[in-house]
$ cat my_file27.tsv   # TSV, C-alpha atoms
chain	number	residue	atom	x	y	z
A	1	MET	CA	-9.99	21.47	38.12
A	2	PRO	CA	-6.38	20.25	37.86
A	3	ASP	CA	-3.72	22.71	36.78
A	4	PHE	CA	-2.28	21.17	33.60
A	5	THR	CA	0.49	23.71	33.11
A	6	GLU	CA	1.74	22.92	36.59
A	7	LEU	CA	1.51	19.19	35.81
A	8	SER	CA	3.42	19.48	32.54
A	9	ARG	CA	6.08	21.59	34.27
A	10	PHE	CA	6.46	18.81	36.82
A	11	TRP	CA	6.78	16.23	34.00
A	12	VAL	CA	9.49	18.29	32.26
A	13	TYR	CA	11.36	18.56	35.57
A	14	LEU	CA	11.06	14.83	36.27
A	15	ALA	CA	11.96	13.75	32.73
A	16	ALA	CA	15.18	15.79	32.90
A	17	SER	CA	16.50	13.88	35.93
A	18	PRO	CA	17.88	10.33	35.73
A	19	LEU	CA	15.27	9.26	38.29
A	20	LEU	CA	12.51	8.68	35.75
A	21	GLY	CA	14.45	6.43	33.35
A	22	LEU	CA	15.64	4.23	36.19
A	23	THR	CA	12.18	3.99	37.77
A	24	MET	CA	10.59	3.18	34.40
A	25	THR	CA	13.10	0.38	33.74
A	26	LEU	CA	12.53	-1.30	37.11
A	27	CYS	CA	8.73	-0.92	36.99
A	28	ALA	CA	8.52	-2.19	33.39
A	29	TYR	CA	10.60	-5.24	34.34
A	30	LEU	CA	8.46	-5.98	37.42
A	31	ALA	CA	5.29	-5.62	35.34
A	32	ALA	CA	6.81	-7.91	32.68
A	33	GLN	CA	7.53	-10.53	35.35
A	34	ARG	CA	3.92	-10.33	36.52
A	35	ILE	CA	2.67	-10.76	32.96
A	36	CYS	CA	5.00	-13.76	32.48
A	37	ALA	CA	3.71	-15.28	35.73
A	38	LEU	CA	0.16	-15.01	34.35
A	39	PHE	CA	1.19	-17.07	31.29
A	40	ARG	CA	3.11	-19.62	33.36
A	41	GLY	CA	4.99	-22.06	31.17
A	42	ALA	CA	4.36	-20.19	27.93
A	43	PRO	CA	7.80	-19.52	26.39
A	44	LEU	CA	6.32	-16.70	24.29
A	45	ALA	CA	6.02	-14.60	27.45
A	46	ASN	CA	9.65	-13.42	27.58
A	47	PRO	CA	10.31	-10.78	30.28
A	48	VAL	CA	13.00	-8.96	28.25
A	49	ALA	CA	10.75	-8.56	25.21
A	50	ILE	CA	7.73	-7.48	27.29
A	51	ALA	CA	9.73	-4.98	29.39
A	52	ILE	CA	11.29	-3.47	26.24
A	53	ALA	CA	7.85	-3.16	24.63
A	54	LEU	CA	6.44	-1.45	27.73
A	55	VAL	CA	9.28	1.11	27.91
A	56	VAL	CA	9.17	1.79	24.15
A	57	GLY	CA	5.41	2.31	24.49
A	58	VAL	CA	5.81	4.83	27.30
A	59	LEU	CA	8.60	6.67	25.44
A	60	SER	CA	6.59	6.99	22.23
A	61	VAL	CA	3.43	8.12	24.03
A	62	SER	CA	5.22	10.64	26.25
A	63	GLY	CA	7.64	11.85	23.56
A	64	MET	CA	10.60	11.34	25.88
A	65	SER	CA	13.86	10.86	23.93
A	66	TYR	CA	15.98	7.73	24.27
A	67	GLU	CA	18.95	9.81	25.44
A	68	ARG	CA	16.89	11.15	28.33
A	69	TYR	CA	15.65	7.68	29.18
A	70	PHE	CA	19.16	6.21	29.07
A	71	ALA	CA	20.50	8.90	31.44
A	72	GLY	CA	18.59	6.97	34.12
A	73	ALA	CA	18.63	3.47	32.64
A	74	GLN	CA	22.44	3.49	32.32
A	75	PHE	CA	22.72	2.53	35.99
A	76	VAL	CA	21.00	-0.76	35.19
A	77	HIS	CA	22.91	-1.13	31.91
A	78	PHE	CA	26.21	-0.73	33.77
A	79	LEU	CA	25.51	-3.84	35.88
A	80	LEU	CA	25.86	-6.03	32.74
A	81	GLY	CA	29.65	-5.86	33.22
A	82	PRO	CA	29.83	-7.18	36.81
A	83	ALA	CA	27.05	-9.69	35.99
A	84	THR	CA	29.17	-11.11	33.16
A	85	VAL	CA	32.11	-11.45	35.58
A	86	ALA	CA	29.74	-13.13	38.08
A	87	LEU	CA	29.05	-15.94	35.56
A	88	ALA	CA	32.34	-17.44	36.79
A	89	VAL	CA	30.65	-18.43	40.10
A	90	PRO	CA	28.06	-20.94	38.78
A	91	LEU	CA	30.63	-22.08	36.24
A	92	VAL	CA	33.20	-23.14	38.83
A	93	ARG	CA	30.54	-25.23	40.57
A	94	GLN	CA	30.09	-27.18	37.31
A	95	LEU	CA	33.84	-27.75	36.92
A	96	PRO	CA	33.79	-31.54	37.55
A	97	ARG	CA	31.20	-31.96	34.78
A	98	LEU	CA	33.21	-29.69	32.45
A	99	ARG	CA	36.29	-31.87	32.97
A	100	GLN	CA	34.24	-34.99	32.32
A	101	HIS	CA	32.62	-33.74	29.11
A	102	TRP	CA	35.25	-31.44	27.64
A	103	LEU	CA	35.36	-33.37	24.35
A	104	PRO	CA	31.64	-33.29	23.39
A	105	LEU	CA	31.45	-29.70	24.66
A	106	THR	CA	34.38	-28.64	22.48
A	107	ALA	CA	32.88	-30.43	19.46
A	108	ALA	CA	29.47	-28.82	20.05
A	109	LEU	CA	31.08	-25.40	20.47
A	110	LEU	CA	33.00	-25.67	17.18
A	111	ALA	CA	30.04	-27.10	15.24
A	112	GLY	CA	27.54	-24.60	16.65
A	113	SER	CA	29.80	-21.61	16.10
A	114	VAL	CA	30.67	-22.53	12.49
A	115	THR	CA	27.01	-23.39	11.75
A	116	ALA	CA	25.87	-19.98	13.01
A	117	ILE	CA	28.42	-18.06	10.94
A	118	VAL	CA	28.24	-20.09	7.68
A	119	SER	CA	24.46	-20.57	7.58
A	120	VAL	CA	23.76	-16.88	8.08
A	121	VAL	CA	25.95	-15.99	5.11
A	122	VAL	CA	24.33	-18.69	2.90
A	123	VAL	CA	20.71	-17.95	3.87
A	124	ALA	CA	21.04	-14.16	3.67
A	125	HIS	CA	22.82	-14.46	0.30
A	126	LEU	CA	20.02	-16.66	-1.09
A	127	LEU	CA	17.50	-14.03	0.03
A	128	GLY	CA	19.38	-11.37	-1.93
A	129	ALA	CA	21.18	-9.57	0.88
A	130	THR	CA	24.02	-7.19	-0.01
A	131	PRO	CA	27.61	-7.89	1.16
A	132	THR	CA	27.22	-5.11	3.75
A	133	LEU	CA	24.13	-6.80	5.16
A	134	LEU	CA	25.90	-10.19	5.20
A	135	ALA	CA	28.75	-8.68	7.21
A	136	THR	CA	26.18	-7.10	9.53
A	137	LEU	CA	24.32	-10.38	10.16
A	138	ALA	CA	27.24	-12.85	10.34
A	139	PRO	CA	28.26	-12.37	14.01
A	140	LYS	CA	24.72	-12.00	15.40
A	141	SER	CA	24.77	-15.08	17.67
A	142	VAL	CA	27.39	-13.62	20.02
A	143	THR	CA	27.24	-11.08	22.82
A	144	SER	CA	26.79	-7.54	21.43
A	145	PRO	CA	30.23	-5.93	22.16
A	146	ILE	CA	31.99	-8.77	20.29
A	147	ALA	CA	29.36	-8.90	17.53
A	148	MET	CA	29.65	-5.15	16.89
A	149	ALA	CA	33.46	-5.29	16.72
A	150	VAL	CA	33.36	-8.25	14.30
A	151	ALA	CA	30.73	-6.58	12.08
A	152	GLU	CA	32.82	-3.44	11.90
A	153	ARG	CA	35.88	-5.42	10.84
A	154	LEU	CA	33.90	-7.22	8.12
A	155	GLY	CA	32.47	-3.97	6.75
A	156	GLY	CA	28.98	-4.30	8.24
A	157	ILE	CA	26.84	-1.82	10.18
A	158	PRO	CA	27.54	-2.28	13.94
A	159	ALA	CA	24.32	-0.57	15.12
A	160	LEU	CA	22.17	-2.89	12.98
A	161	THR	CA	24.22	-5.85	14.22
A	162	ALA	CA	23.32	-4.89	17.79
A	163	ALA	CA	19.64	-4.93	16.83
A	164	MET	CA	20.05	-8.40	15.27
A	165	VAL	CA	21.85	-9.61	18.41
A	166	ILE	CA	18.91	-8.62	20.61
A	167	GLY	CA	16.43	-10.10	18.11
A	168	THR	CA	18.38	-13.37	17.99
A	169	GLY	CA	18.59	-13.50	21.79
A	170	ILE	CA	14.86	-13.01	22.30
A	171	PHE	CA	13.93	-15.41	19.50
A	172	GLY	CA	16.30	-18.08	20.83
A	173	ALA	CA	15.07	-17.64	24.41
A	174	VAL	CA	11.44	-17.91	23.30
A	175	PHE	CA	11.70	-20.91	20.97
A	176	SER	CA	14.52	-22.99	22.47
A	177	THR	CA	12.32	-24.96	24.93
A	178	TRP	CA	9.95	-25.96	22.14
A	179	LEU	CA	12.82	-26.94	19.82
A	180	PHE	CA	14.57	-29.02	22.50
A	181	GLN	CA	11.33	-30.86	23.26
A	182	LEU	CA	10.94	-31.62	19.55
A	183	LEU	CA	14.54	-32.86	19.26
A	184	ARG	CA	14.40	-34.67	22.65
A	185	VAL	CA	17.40	-32.79	24.03
A	186	ARG	CA	16.67	-33.24	27.74
A	187	SER	CA	19.76	-32.58	29.86
A	188	HIS	CA	19.93	-29.11	31.37
A	189	ALA	CA	23.64	-28.91	30.60
A	190	ALA	CA	23.07	-29.54	26.86
A	191	ARG	CA	20.11	-27.15	26.66
A	192	GLY	CA	21.99	-24.41	28.49
A	193	PHE	CA	25.12	-24.80	26.36
A	194	ALA	CA	23.09	-24.52	23.14
A	195	MET	CA	21.15	-21.48	24.43
A	196	GLY	CA	24.30	-19.60	25.47
A	197	LEU	CA	25.95	-20.41	22.15
A	198	ALA	CA	23.05	-19.46	19.86
A	199	ALA	CA	21.34	-16.75	21.93
A	200	HIS	CA	24.17	-15.24	24.08
A	201	GLY	CA	23.21	-13.20	27.17
A	202	ILE	CA	19.44	-13.20	26.70
A	203	GLY	CA	19.52	-16.97	26.18
A	204	THR	CA	21.68	-17.21	29.32
A	205	ALA	CA	19.21	-15.08	31.28
A	206	ARG	CA	16.40	-17.42	30.19
A	207	ALA	CA	18.51	-20.45	31.14
A	208	PHE	CA	19.06	-19.06	34.66
A	209	GLN	CA	15.27	-18.77	35.05
A	210	LEU	CA	14.99	-22.51	34.38
A	211	SER	CA	17.90	-23.85	36.49
A	212	ALA	CA	21.29	-22.85	37.90
A	213	GLU	CA	22.95	-25.70	36.00
A	214	MET	CA	21.43	-24.60	32.68
A	215	GLY	CA	22.54	-21.05	33.37
A	216	ALA	CA	26.11	-22.08	34.16
A	217	PHE	CA	26.50	-23.98	30.89
A	218	ALA	CA	24.83	-21.13	28.97
A	219	GLY	CA	27.25	-18.58	30.44
A	220	LEU	CA	30.19	-20.79	29.50
A	221	ALA	CA	28.98	-21.27	25.92
A	222	MET	CA	28.29	-17.52	25.56
A	223	GLY	CA	31.85	-16.61	26.59
A	224	LEU	CA	33.51	-19.32	24.50
A	225	ASN	CA	31.42	-18.69	21.37
A	226	GLY	CA	32.12	-14.96	21.67
A	227	ALA	CA	35.85	-15.61	21.67
A	228	LEU	CA	35.66	-18.23	18.90
A	229	THR	CA	33.48	-16.07	16.62
A	230	ALA	CA	35.86	-13.14	17.08
A	231	LEU	CA	38.66	-15.42	15.85
A	232	LEU	CA	36.77	-17.35	13.10
A	233	ALA	CA	34.39	-14.85	11.48
A	234	PRO	CA	36.99	-12.46	9.99
A	235	TRP	CA	38.34	-15.20	7.69
A	236	LEU	CA	35.36	-17.59	7.48
A	237	VAL	CA	32.86	-14.99	6.20
A	238	PRO	CA	34.98	-13.78	3.22
A	239	LEU	CA	35.75	-17.45	2.43
A	240	VAL	CA	32.06	-18.46	2.26
A	241	MET	CA	31.19	-15.29	0.35
A	242	GLY	CA	33.93	-16.22	-2.14
A	243	TRP	CA	32.42	-19.70	-2.71
A	244	MET	CA	29.00	-18.23	-3.33
A	245	GLY	CA	30.36	-15.76	-5.88
B	15	MET	CA	27.58	-8.10	49.79
B	16	LEU	CA	29.62	-4.93	49.37
B	17	ALA	CA	32.92	-6.82	49.43
B	18	ALA	CA	31.55	-9.25	46.85
B	19	PHE	CA	30.56	-6.41	44.55
B	20	ALA	CA	34.02	-4.89	44.95
B	21	VAL	CA	35.56	-8.24	43.94
B	22	LEU	CA	33.36	-8.43	40.81
B	23	LEU	CA	34.27	-4.86	39.80
B	24	LEU	CA	37.93	-5.52	40.52
B	25	PHE	CA	37.92	-8.52	38.18
B	26	GLN	CA	36.10	-6.51	35.52
B	27	CYS	CA	38.90	-3.91	35.77
B	28	LEU	CA	41.51	-6.68	35.54
B	29	GLY	CA	39.71	-8.08	32.49
B	30	GLU	CA	39.63	-4.68	30.78
B	31	GLY	CA	43.34	-4.27	31.58
B	32	VAL	CA	44.34	-7.65	30.18
B	33	VAL	CA	42.29	-7.07	26.99
B	34	PHE	CA	43.86	-3.64	26.51
B	35	VAL	CA	47.45	-4.75	27.11
B	36	LEU	CA	47.27	-7.97	25.05
B	37	HIS	CA	44.92	-6.58	22.32
B	38	LEU	CA	42.54	-9.55	22.78
B	39	PRO	CA	39.39	-9.76	20.60
B	40	LEU	CA	37.23	-10.05	23.77
B	41	PRO	CA	35.09	-7.67	25.81
B	42	GLY	CA	36.70	-6.83	29.17
B	43	PRO	CA	33.92	-8.42	31.29
B	44	VAL	CA	34.29	-11.79	29.47
B	45	ALA	CA	38.05	-11.74	30.18
B	46	GLY	CA	37.15	-10.78	33.78
B	47	MET	CA	34.87	-13.82	33.99
B	48	LEU	CA	37.69	-16.14	32.89
B	49	LEU	CA	40.11	-14.50	35.37
B	50	LEU	CA	37.61	-14.85	38.23
B	51	MET	CA	37.14	-18.50	37.26
B	52	VAL	CA	40.88	-19.11	37.64
B	53	ALA	CA	40.92	-17.19	40.94
B	54	LEU	CA	38.01	-19.28	42.29
B	55	ILE	CA	39.81	-22.50	41.40
B	56	VAL	CA	43.07	-21.36	43.02
B	57	PHE	CA	41.39	-19.78	46.10
B	58	PRO	CA	38.19	-21.78	46.82
B	59	LYS	CA	37.49	-19.57	49.86
B	60	LEU	CA	36.65	-16.70	47.48
B	61	GLN	CA	33.53	-18.61	46.38
B	62	ALA	CA	31.72	-18.03	49.70
B	63	LEU	CA	32.52	-14.32	49.53
B	64	VAL	CA	31.17	-13.62	46.03
B	65	GLU	CA	28.47	-16.28	45.83
B	66	GLN	CA	25.51	-14.29	47.20
B	67	ALA	CA	26.09	-11.13	45.15
B	68	ALA	CA	26.78	-13.18	42.01
B	69	ASN	CA	23.56	-15.15	42.40
B	70	ALA	CA	21.56	-11.97	43.06
B	71	LEU	CA	22.90	-10.33	39.87
B	72	LEU	CA	22.39	-13.44	37.74
B	73	ALA	CA	18.85	-14.00	38.99
B	74	HIS	CA	17.90	-10.68	37.35
B	75	LEU	CA	20.11	-10.91	34.28
B	76	SER	CA	17.04	-10.30	32.08
B	77	LEU	CA	16.51	-6.85	33.62
B	78	LEU	CA	20.01	-5.74	32.62
B	79	PHE	CA	19.25	-6.15	28.89
B	80	VAL	CA	16.23	-3.83	28.96
B	81	PRO	CA	18.00	-0.42	28.50
B	82	ALA	CA	20.07	-1.60	25.51
B	83	GLY	CA	17.05	-3.37	24.05
B	84	VAL	CA	14.94	-0.21	24.22
B	85	GLY	CA	17.66	1.76	22.40
B	86	ILE	CA	17.92	-0.84	19.68
B	87	VAL	CA	14.17	-1.09	19.11
B	88	ALA	CA	14.00	2.71	18.95
B	89	ALA	CA	16.88	2.78	16.41
B	90	ALA	CA	15.57	-0.15	14.35
B	91	ALA	CA	12.14	1.48	14.02
B	92	SER	CA	13.81	4.29	12.06
B	93	GLY	CA	15.71	1.88	9.76
B	94	SER	CA	14.31	0.13	6.68
B	95	GLY	CA	14.79	-2.32	3.80
B	96	HIS	CA	15.81	-6.01	3.59
B	97	TRP	CA	13.51	-6.94	6.46
B	98	LEU	CA	12.65	-10.31	4.92
B	99	ALA	CA	16.31	-11.32	4.65
B	100	ILE	CA	16.99	-10.09	8.18
B	101	VAL	CA	14.00	-11.70	9.89
B	102	ALA	CA	14.32	-14.97	7.95
B	103	SER	CA	18.00	-15.35	8.73
B	104	VAL	CA	17.50	-14.57	12.41
B	105	ILE	CA	14.84	-17.31	12.63
B	106	VAL	CA	16.54	-19.98	10.50
B	107	ILE	CA	20.06	-19.54	11.84
B	108	THR	CA	19.09	-19.35	15.50
B	109	LEU	CA	17.07	-22.56	15.25
B	110	LEU	CA	19.89	-24.23	13.32
B	111	ALA	CA	22.59	-23.23	15.82
B	112	LEU	CA	20.41	-24.34	18.75
B	113	ALA	CA	19.65	-27.66	17.07
B	114	VAL	CA	23.23	-28.51	16.07
B	115	THR	CA	24.65	-27.71	19.50
B	116	GLY	CA	21.81	-29.37	21.41
B	117	LEU	CA	21.86	-32.55	19.30
B	118	LEU	CA	25.62	-32.97	19.67
B	119	LEU	CA	25.21	-32.85	23.46
B	120	ARG	CA	22.04	-34.96	23.56
B	121	GLY	CA	23.85	-37.85	25.22
B	122	MET	CA	25.12	-35.71	28.09
B	123	LYS	CA	22.63	-36.70	30.78
B	124	ASN	CA	23.58	-40.39	30.64
B	125	ALA	CA	27.28	-39.73	30.20
B	126	PRO	CA	28.39	-39.91	33.88
B	127	GLU	CA	27.31	-43.58	34.21
B	128	LYS	CA	28.99	-44.50	30.93
B	129	ASP	CA	32.18	-42.75	32.03
B	130	GLY	CA	31.98	-44.67	35.30
B	131	ASP	CA	31.85	-47.99	33.43
B	132	ALA	CA	34.81	-47.13	31.24
$ encode --input "my_file27.tsv" --output "structure tokens"
Amino acid sequence: MPDFTELSRFWVYLAASPLLGLTMTLCAYLAAQRICALFRGAPLANPVAIAIALVVGVLSVSGMSYERYFAGAQFVHFLLGPATVALAVPLVRQLPRLRQHWLPLTAALLAGSVTAIVSVVVVAHLLGATPTLLATLAPKSVTSPIAMAVAERLGGIPALTAAMVIGTGIFGAVFSTWLFQLLRVRSHAARGFAMGLAAHGIGTARAFQLSAEMGAFAGLAMGLNGALTALLAPWLVPLVMGWMG
Amino acid sequence: MLAAFAVLLLFQCLGEGVVFVLHLPLPGPVAGMLLLMVALIVFPKLQALVEQAANALLAHLSLLFVPAGVGIVAAAASGSGHWLAIVASVIVITLLALAVTGLLLRGMKNAPEKDGDA
């Protein structure tokens, strides 16, 4: 008969060290990749969403706190910084195409960025959202550190903004392929640029799974839209809210 | 590989420094990306050095969002209210932003030939 007190003591010991959180993150991601491979071609099988669901499931079953989990997972989280810097590498390889198409890319960036900010304020207002919620939702298309700073400046709730950013990223990554097929947007550059603009890092991660070119344009759009939203949102959101009364 | 990682971290530090000194509304890593882009254009030899590590990191970009995602799902589960407004705006606005940007660039694939004719 197994000794359960000994086993639970071992679990308490293991859960206290960063080892477990890190192992869980890597294993959940590998399992998510396997699951995605089973549903080959199905955009609904998104590895980020599946890996998150697996980890959340294990945490809620085992009663392990998020703080404990993050003590290990932070080593993976930290790599987001150097990975963002690394986006410069595929980008430089696309430089000739950037030079060639700077005008349509600039127009698409401006139109996409303004659409994301203005439409969120209009739609959320029509659905009866409070001004605090509007300020929380407005910057949700951009990468989370920028989105949280913008939300704070507008009087929103930064933590809820971060949740919306992840939700937007996963939704965009899952449905973009289907939408582009419907709209007959075929070039990888155009698809990538739209995904990076509307669905930031998670959209960019999805784009890199499809092609290096798509990923490069997604990374570019993510960076540019982040900067543009940080500049535009603080005066555009109060302006639109003023029009709507 | 190690040298490449050092270069990436160095440019992240530079990015954080520039953002701090100039009070830019950007995260440090995004500024670091732009700085590395300039460096790669000025010193093309740097590309060969960082290429492998950069590609390895970017190939698993999805993995890096898992820890933050878990925290946010855990936090959101404890929140409440206005879920219709939140979910509806996430869906509508994301599709709208994707569509506007994608449609404006729809002509991109054929553009090189057209540019060549001009």
$ residues_around --input "my_file27.tsv" --residues "Ala82 in chain B" --least-positions-apart "4" --cutoff "10 Å" --atoms "only C-alpha atoms" --output "ChimeraX atom specification"
/A:52,70,73-74,76-77,144,162-163,166 /B:78,86-88
$ closest_residue --input "my_file27.tsv" --among "A:Met64, A:Leu44, A:Met164, A:Ala71" --to "Pro18 in chain A" --atoms "only C-alpha atoms"
A:Ala71
$ closest_residue --input "my_file27.tsv" --among "B:Val35, B:Cys27, B:Ala68, B:Ala20" --to "chain A" --atoms "all atoms listed in the file"
B:Ala68
$ atom_distance --input "my_file27.tsv" --atom1 "CA of Ala173 in chain A" --atom2 "CA of Gln100 in chain A"
27.0 Å
$ residues_near_point --input "my_file27.tsv" --point "(32.1, -17.2, -0.7)" --cutoff "12 Å" --atoms "all atoms listed in the file" --output "PDB file with C-alpha atoms, keeping the file's coordinate frame"
ATOM      1  CA  VAL A 118      28.240 -20.090   7.680  1.00  0.00           C
ATOM      2  CA  SER A 119      24.460 -20.570   7.580  1.00  0.00           C
ATOM      3  CA  VAL A 121      25.950 -15.990   5.110  1.00  0.00           C
ATOM      4  CA  VAL A 122      24.330 -18.690   2.900  1.00  0.00           C
ATOM      5  CA  HIS A 125      22.820 -14.460   0.300  1.00  0.00           C
ATOM      6  CA  PRO A 131      27.610  -7.890   1.160  1.00  0.00           C
ATOM      7  CA  LEU A 134      25.900 -10.190   5.200  1.00  0.00           C
ATOM      8  CA  TRP A 235      38.340 -15.200   7.690  1.00  0.00           C
ATOM      9  CA  LEU A 236      35.360 -17.590   7.480  1.00  0.00           C
ATOM     10  CA  VAL A 237      32.860 -14.990   6.200  1.00  0.00           C
ATOM     11  CA  PRO A 238      34.980 -13.780   3.220  1.00  0.00           C
ATOM     12  CA  LEU A 239      35.750 -17.450   2.430  1.00  0.00           C
ATOM     13  CA  VAL A 240      32.060 -18.460   2.260  1.00  0.00           C
ATOM     14  CA  MET A 241      31.190 -15.290   0.350  1.00  0.00           C
ATOM     15  CA  GLY A 242      33.930 -16.220  -2.140  1.00  0.00           C
ATOM     16  CA  TRP A 243      32.420 -19.700  -2.710  1.00  0.00           C
ATOM     17  CA  MET A 244      29.000 -18.230  -3.330  1.00  0.00           C
ATOM     18  CA  GLY A 245      30.360 -15.760  -5.880  1.00  0.00           C
TER      19      GLY A 245
END
$ closest_residue --input "my_file27.tsv" --among "B:Gly31, B:Ala102, B:Leu109, B:Pro81" --to "Thr23 in chain A" --atoms "all atoms listed in the file"
B:Pro81
$ atom_distance --input "my_file27.tsv" --atom1 "CA of Leu59 in chain A" --atom2 "CA of His74 in chain B"
23.0 Å
